[in-house]
Amino acid sequence: MPFAHRTANKPATNQRPRGPFMRVIVLGSGVIGVSTAYYLAKAGHEVTVIDRQAGPALETSYANAGEVSPGYSAPWAAPGLVLKAAKWLMMKHSPLVIRPKLDPAMWSWMMKLLANANERSYEINKARMVRIAEYSRDCLKALRAETGIHYDERAKGTLQVFRTQKQVDAAATDMAVLDRFNVPYQLLDVAGCAAVEPALALVKEKIVGGLLLPGDETGDCFRFTNALATMAEGLGVEFRYNVGIKKLEGDGRRVTGVVTDAGTLTADAYVVALGSYSPMLVKPFGLNLPVYPVKGYSLTLPITDAAGAPESTVMDETHKIAITRLGDRIRVGGTAELTGFDLTLRPGRRGPLDHVVSDLFPTGGDLSKAEFWTGLRPNTPDGTPIVGPTPVRNLFLNTGHGTLGWTMAAGSGRVVADVVGGRQTEIDMDGLTVERYGRPADATRTRPAVAGVARPTA
């Protein structure tokens with residue numbers, strides 16, 4: 001077993017829930033929402049998915065870094081964050097950009113992030129993240145074996161490359177947590193890195209070592225989500241695309257309907273999987289989710305020299321950029337931009353991506369033919385997603401996965417489906433639910449109909 005509190009060696013994807021079958025509405029058709037809908041349907045529930053886009057995975061799940069990386073799961077809030085951030089902001093190819101706004105949510109989120117940037121919080125938060133991420137990887141393996149789903153998947157691990165000895169030394173903290181959860185890893189010298197990723201032999205003078213996480217995987221999240229949506233439809237899931245979500249209606253104790261631009265829809269249970277937009281929808285119910293968008297960018301370029309391209313994922317620790325092989329393409333993903341819900345595709349933010357891929361894999365792909373993309377990652381200040389029940393009895397959450405939505409999607413979907421159906425989850429839910437932020441004082445009182453907040457138009 002990959003960690004101590006698993007209660008089964010393999011996710012039991014065919015078992016039916018103990019509770020009665022229900023009508024469930026899932027809000028959002030990214031990889032999180034579709035995974036949730038699939039597992040709910042497998043459990044026998046009647047499921048409807050609602051999304052404003054014309055199809056699945058057209059927002060944050062569209063062109064992410066391509067990593068399924070439980071071993072690399074770690075919160076941004078780490079000891080020394082302030083000094084690191086100051087250094088990043090001064091770098092030519094900075095992995096971090098902050099565009100200050102008169103937005104209380106931005107400043108509140110940043111203060112909470114800093115409050116978690118200590119050794120004790122880091123260890124707690126990383127342990128929670130590894131727990132759900134390892135479970136999710138197991139669920140994904142079981143799903144692949146059961147369905148034969150394909151998405152340019154590879155299971156060759158993640159190589160975190162270090163450009164300085166200081167980075168190698170700092171990896172000791174992460175390795176201690178990996179040891180705690182029996183996650184395999186190897187600390188490699190330069191020759192070891194080149195043995196795992198042969199193309200790095202051409203630039204060996206630029207690195208001093210690396211941390212190999214052999215249990216990690218890669219794959220195209222967009223292709224996976226679309227394939228899984230088709231399978232979910234085969235199980236009876238109804239997808240309603242091009243439908244804008246306006247608000248949830250309820251009395252404070254339970255949700256009575258979701259108001260959309262196609263009318264009000266009702267169900268027995270509701271799952272909010274709207275990424276960065278989730279807090280707006282549930283705030284009228286007394287739930288103040290500290291989920292804030294952190295903008296990321298990616299490039300997707302065709303491989304021109306297979307021997308000069310990565311075999312799996314290489315994570316540049318200095319620039320916080322991942323380079324992943326997806327079939328005949330290279331995906332380069334990273335950078336963090338705090339700028340609210342602004343989806344402007346800024347040409348200047350392409351620089352760090354161009355630099356890292358050309359620096360480490362100069363002959364691998366054709367940058368002149370790269371597709372440049374941006375999306376909003378739904379980040380919590382402690383790095384851990386918010387999954388499972390809420391004090392509102394028929395409202396469930398699956399959000400806040402940050403950069404690890406693809407990594408945690410299958411496990412999060414399975415966990416939420418189990419909770420909705422009244423089943424015992426296969427992992428400990430401690431620290432994963434909204435309760436870690438405190439119970440809202442007004443969430444259990446009967447109130448007049450709740451006025452909702454419209455979801456912003458991207």
# chains A, B, ... in the order shown; residues from 1 in each chain; ligands from 1
call {"tool": "select_by_dssp", "arguments": {"residues": "segment 255-439 of chain A", "states": "helix (DSSP H, G or I)", "output": "PyMOL selection string"}}
result
chain A and resi 275-285+306-308+347-360+367-369+402-420+434-437
call {"tool": "select_by_dssp", "arguments": {"residues": "segment 325-408 of chain A", "states": "strand (DSSP E or B)", "output": "VMD selection string"}}
result
chain A and resid 325 to 326 329 to 338 365 371 to 379 386 to 389 395 to 399 401
call {"tool": "residues_around", "arguments": {"residues": "Leu301 of chain A", "least_positions_apart": "4", "cutoff": "8 Å", "atoms": "only C-alpha atoms", "output": "PyMOL selection string"}}
result
chain A and resi 329-331+365-367+369-371
call {"tool": "closest_residue", "arguments": {"among": "A:Asn394, A:Thr339, A:Thr399, A:Thr48", "to": "Leu248 of chain A", "atoms": "only C-alpha atoms"}}
result
A:Asn394
call {"tool": "residues_around", "arguments": {"residues": "Trp406 of chain A", "least_positions_apart": "6", "cutoff": "10 Å", "atoms": "only C-alpha atoms", "output": "PyMOL selection string"}}
result
chain A and resi 30-32+60-61+64-69+133+136-137+218-222+224-225
call {"tool": "write_last_selection", "arguments": {"atoms": "N, CA, C and O atoms", "output": "mmCIF file, in the first residue's frame"}}
result
data_model
loop_
_atom_site.group_PDB
_atom_site.id
_atom_site.type_symbol
_atom_site.label_atom_id
_atom_site.label_comp_id
_atom_site.auth_asym_id
_atom_site.auth_seq_id
_atom_site.Cartn_x
_atom_site.Cartn_y
_atom_site.Cartn_z
ATOM 1 N N GLY A 30 -14.679 20.360 -16.392
ATOM 2 C CA GLY A 30 -13.247 20.158 -16.503
ATOM 3 C C GLY A 30 -12.914 18.743 -16.054
ATOM 4 O O GLY A 30 -13.804 17.924 -15.798
ATOM 5 N N VAL A 31 -11.629 18.445 -15.919
ATOM 6 C CA VAL A 31 -11.244 17.084 -15.543
ATOM 7 C C VAL A 31 -11.791 16.705 -14.169
ATOM 8 O O VAL A 31 -12.146 15.538 -13.934
ATOM 9 N N ILE A 32 -11.930 17.660 -13.268
ATOM 10 C CA ILE A 32 -12.472 17.376 -11.937
ATOM 11 C C ILE A 32 -13.955 17.037 -12.021
ATOM 12 O O ILE A 32 -14.422 16.032 -11.467
ATOM 13 N N THR A 60 -9.390 25.431 -17.674
ATOM 14 C CA THR A 60 -8.119 25.106 -17.015
ATOM 15 C C THR A 60 -7.566 23.746 -17.422
ATOM 16 O O THR A 60 -6.347 23.532 -17.409
ATOM 17 N N SER A 61 -8.433 22.809 -17.780
ATOM 18 C CA SER A 61 -7.974 21.460 -18.134
ATOM 19 C C SER A 61 -7.485 21.346 -19.578
ATOM 20 O O SER A 61 -7.026 20.274 -19.976
ATOM 21 N N ASN A 64 -2.848 22.031 -19.721
ATOM 22 C CA ASN A 64 -1.974 22.104 -18.554
ATOM 23 C C ASN A 64 -0.666 21.366 -18.821
ATOM 24 O O ASN A 64 -0.433 20.873 -19.914
ATOM 25 N N ALA A 65 0.180 21.279 -17.794
ATOM 26 C CA ALA A 65 1.535 20.773 -18.007
ATOM 27 C C ALA A 65 1.598 19.297 -18.368
ATOM 28 O O ALA A 65 2.641 18.819 -18.820
ATOM 29 N N GLY A 66 0.507 18.558 -18.155
ATOM 30 C CA GLY A 66 0.485 17.155 -18.561
ATOM 31 C C GLY A 66 1.008 16.179 -17.533
ATOM 32 O O GLY A 66 1.142 14.992 -17.811
ATOM 33 N N GLU A 67 1.297 16.656 -16.322
ATOM 34 C CA GLU A 67 1.876 15.791 -15.289
ATOM 35 C C GLU A 67 0.795 15.131 -14.428
ATOM 36 O O GLU A 67 -0.158 15.782 -14.011
ATOM 37 N N VAL A 68 0.983 13.868 -14.147
ATOM 38 C CA VAL A 68 0.265 13.180 -13.083
ATOM 39 C C VAL A 68 1.332 12.862 -12.048
ATOM 40 O O VAL A 68 1.985 11.826 -12.108
ATOM 41 N N SER A 69 1.533 13.778 -11.112
ATOM 42 C CA SER A 69 2.749 13.792 -10.300
ATOM 43 C C SER A 69 2.469 13.781 -8.803
ATOM 44 O O SER A 69 2.675 14.790 -8.117
ATOM 45 N N ALA A 133 -3.126 12.616 -3.697
ATOM 46 C CA ALA A 133 -2.488 12.448 -5.005
ATOM 47 C C ALA A 133 -2.086 10.995 -5.249
ATOM 48 O O ALA A 133 -2.261 10.473 -6.356
ATOM 49 N N SER A 136 -5.173 9.097 -5.965
ATOM 50 C CA SER A 136 -5.684 9.422 -7.286
ATOM 51 C C SER A 136 -4.922 8.675 -8.369
ATOM 52 O O SER A 136 -5.514 8.181 -9.337
ATOM 53 N N ARG A 137 -3.605 8.567 -8.214
ATOM 54 C CA ARG A 137 -2.811 7.823 -9.187
ATOM 55 C C ARG A 137 -3.255 6.358 -9.227
ATOM 56 O O ARG A 137 -3.353 5.739 -10.284
ATOM 57 N N THR A 218 2.440 10.731 -16.982
ATOM 58 C CA THR A 218 2.129 11.887 -17.818
ATOM 59 C C THR A 218 0.963 11.551 -18.734
ATOM 60 O O THR A 218 0.618 10.377 -18.933
ATOM 61 N N GLY A 219 0.361 12.586 -19.310
ATOM 62 C CA GLY A 219 -0.732 12.366 -20.245
ATOM 63 C C GLY A 219 -1.435 13.670 -20.579
ATOM 64 O O GLY A 219 -1.303 14.672 -19.867
ATOM 65 N N ASP A 220 -2.181 13.642 -21.664
ATOM 66 C CA ASP A 220 -2.913 14.812 -22.142
ATOM 67 C C ASP A 220 -4.250 14.895 -21.407
ATOM 68 O O ASP A 220 -5.152 14.087 -21.637
ATOM 69 N N CYS A 221 -4.368 15.875 -20.538
ATOM 70 C CA CYS A 221 -5.574 16.034 -19.716
ATOM 71 C C CYS A 221 -6.807 16.293 -20.575
ATOM 72 O O CYS A 221 -7.900 15.788 -20.284
ATOM 73 N N PHE A 222 -6.661 17.078 -21.621
ATOM 74 C CA PHE A 222 -7.790 17.381 -22.504
ATOM 75 C C PHE A 222 -8.314 16.112 -23.174
ATOM 76 O O PHE A 222 -9.520 15.856 -23.201
ATOM 77 N N PHE A 224 -7.865 13.024 -22.166
ATOM 78 C CA PHE A 224 -8.431 12.161 -21.129
ATOM 79 C C PHE A 224 -9.844 12.588 -20.776
ATOM 80 O O PHE A 224 -10.765 11.755 -20.700
ATOM 81 N N THR A 225 -10.037 13.880 -20.530
ATOM 82 C CA THR A 225 -11.348 14.368 -20.094
ATOM 83 C C THR A 225 -12.402 14.132 -21.158
ATOM 84 O O THR A 225 -13.539 13.738 -20.844
#
call {"tool": "residues_around", "arguments": {"residues": "Arg52 of chain A", "least_positions_apart": "5", "cutoff": "6 Å", "atoms": "only C-alpha atoms", "output": "ChimeraX atom specification"}}
result
/A:241-244
call {"tool": "decode", "arguments": {"residues": "segment 122-186 of chain A", "atoms": "C-alpha atoms", "output": "mmCIF file, in the first residue's frame"}}
result
data_model
loop_
_atom_site.group_PDB
_atom_site.id
_atom_site.type_symbol
_atom_site.label_atom_id
_atom_site.label_comp_id
_atom_site.auth_asym_id
_atom_site.auth_seq_id
_atom_site.Cartn_x
_atom_site.Cartn_y
_atom_site.Cartn_z
ATOM 1 C CA TYR A 122 4.416 22.671 5.118
ATOM 2 C CA GLU A 123 4.796 19.127 6.418
ATOM 3 C CA ILE A 124 1.095 18.860 7.315
ATOM 4 C CA ASN A 125 -0.077 20.282 3.998
ATOM 5 C CA LYS A 126 2.323 18.247 1.871
ATOM 6 C CA ALA A 127 1.261 15.073 3.676
ATOM 7 C CA ARG A 128 -2.393 15.825 2.888
ATOM 8 C CA MET A 129 -1.584 16.523 -0.740
ATOM 9 C CA VAL A 130 0.483 13.364 -1.153
ATOM 10 C CA ARG A 131 -2.326 11.334 0.430
ATOM 11 C CA ILE A 132 -4.974 12.368 -2.107
ATOM 12 C CA ALA A 133 -2.488 12.448 -5.005
ATOM 13 C CA GLU A 134 -1.183 8.922 -4.398
ATOM 14 C CA TYR A 135 -4.731 7.626 -4.085
ATOM 15 C CA SER A 136 -5.684 9.422 -7.286
ATOM 16 C CA ARG A 137 -2.811 7.823 -9.187
ATOM 17 C CA ASP A 138 -4.053 4.414 -8.003
ATOM 18 C CA CYS A 139 -7.583 5.264 -9.153
ATOM 19 C CA LEU A 140 -6.269 6.350 -12.540
ATOM 20 C CA LYS A 141 -4.383 3.090 -12.963
ATOM 21 C CA ALA A 142 -7.513 1.111 -12.087
ATOM 22 C CA LEU A 143 -9.589 3.207 -14.463
ATOM 23 C CA ARG A 144 -7.103 2.659 -17.275
ATOM 24 C CA ALA A 145 -7.085 -1.094 -16.676
ATOM 25 C CA GLU A 146 -10.869 -1.255 -16.529
ATOM 26 C CA THR A 147 -11.711 0.925 -19.526
ATOM 27 C CA GLY A 148 -8.637 0.893 -21.775
ATOM 28 C CA ILE A 149 -8.783 4.703 -21.950
ATOM 29 C CA HIS A 150 -5.918 6.349 -23.878
ATOM 30 C CA TYR A 151 -4.654 9.924 -23.681
ATOM 31 C CA ASP A 152 -0.986 9.912 -24.797
ATOM 32 C CA GLU A 153 -0.225 8.394 -21.408
ATOM 33 C CA ARG A 154 3.230 7.372 -20.200
ATOM 34 C CA ALA A 155 4.379 5.956 -16.873
ATOM 35 C CA LYS A 156 8.063 6.930 -16.831
ATOM 36 C CA GLY A 157 8.160 9.225 -13.830
ATOM 37 C CA THR A 158 9.067 12.845 -13.140
ATOM 38 C CA LEU A 159 12.638 14.141 -12.961
ATOM 39 C CA GLN A 160 13.015 17.289 -10.880
ATOM 40 C CA VAL A 161 16.274 18.865 -12.048
ATOM 41 C CA PHE A 162 18.412 21.041 -9.813
ATOM 42 C CA ARG A 163 20.689 23.737 -11.129
ATOM 43 C CA THR A 164 22.345 24.477 -7.738
ATOM 44 C CA GLN A 165 23.625 22.440 -4.795
ATOM 45 C CA LYS A 166 21.379 24.497 -2.521
ATOM 46 C CA GLN A 167 18.355 23.048 -4.313
ATOM 47 C CA VAL A 168 19.715 19.525 -3.827
ATOM 48 C CA ASP A 169 20.138 20.159 -0.104
ATOM 49 C CA ALA A 170 16.645 21.637 0.220
ATOM 50 C CA ALA A 171 15.129 18.475 -1.290
ATOM 51 C CA ALA A 172 15.776 16.689 2.008
ATOM 52 C CA THR A 173 12.529 18.079 3.465
ATOM 53 C CA ASP A 174 10.469 16.692 0.606
ATOM 54 C CA MET A 175 12.251 13.353 0.714
ATOM 55 C CA ALA A 176 11.381 12.997 4.404
ATOM 56 C CA VAL A 177 7.674 13.295 3.582
ATOM 57 C CA LEU A 178 8.052 10.866 0.676
ATOM 58 C CA ASP A 179 9.683 8.392 3.058
ATOM 59 C CA ARG A 180 6.768 8.807 5.447
ATOM 60 C CA PHE A 181 4.300 7.756 2.752
ATOM 61 C CA ASN A 182 6.522 5.110 1.168
ATOM 62 C CA VAL A 183 6.676 7.037 -2.110
ATOM 63 C CA PRO A 184 9.662 5.777 -4.137
ATOM 64 C CA TYR A 185 12.320 8.235 -5.270
ATOM 65 C CA GLN A 186 15.977 8.412 -6.256
#
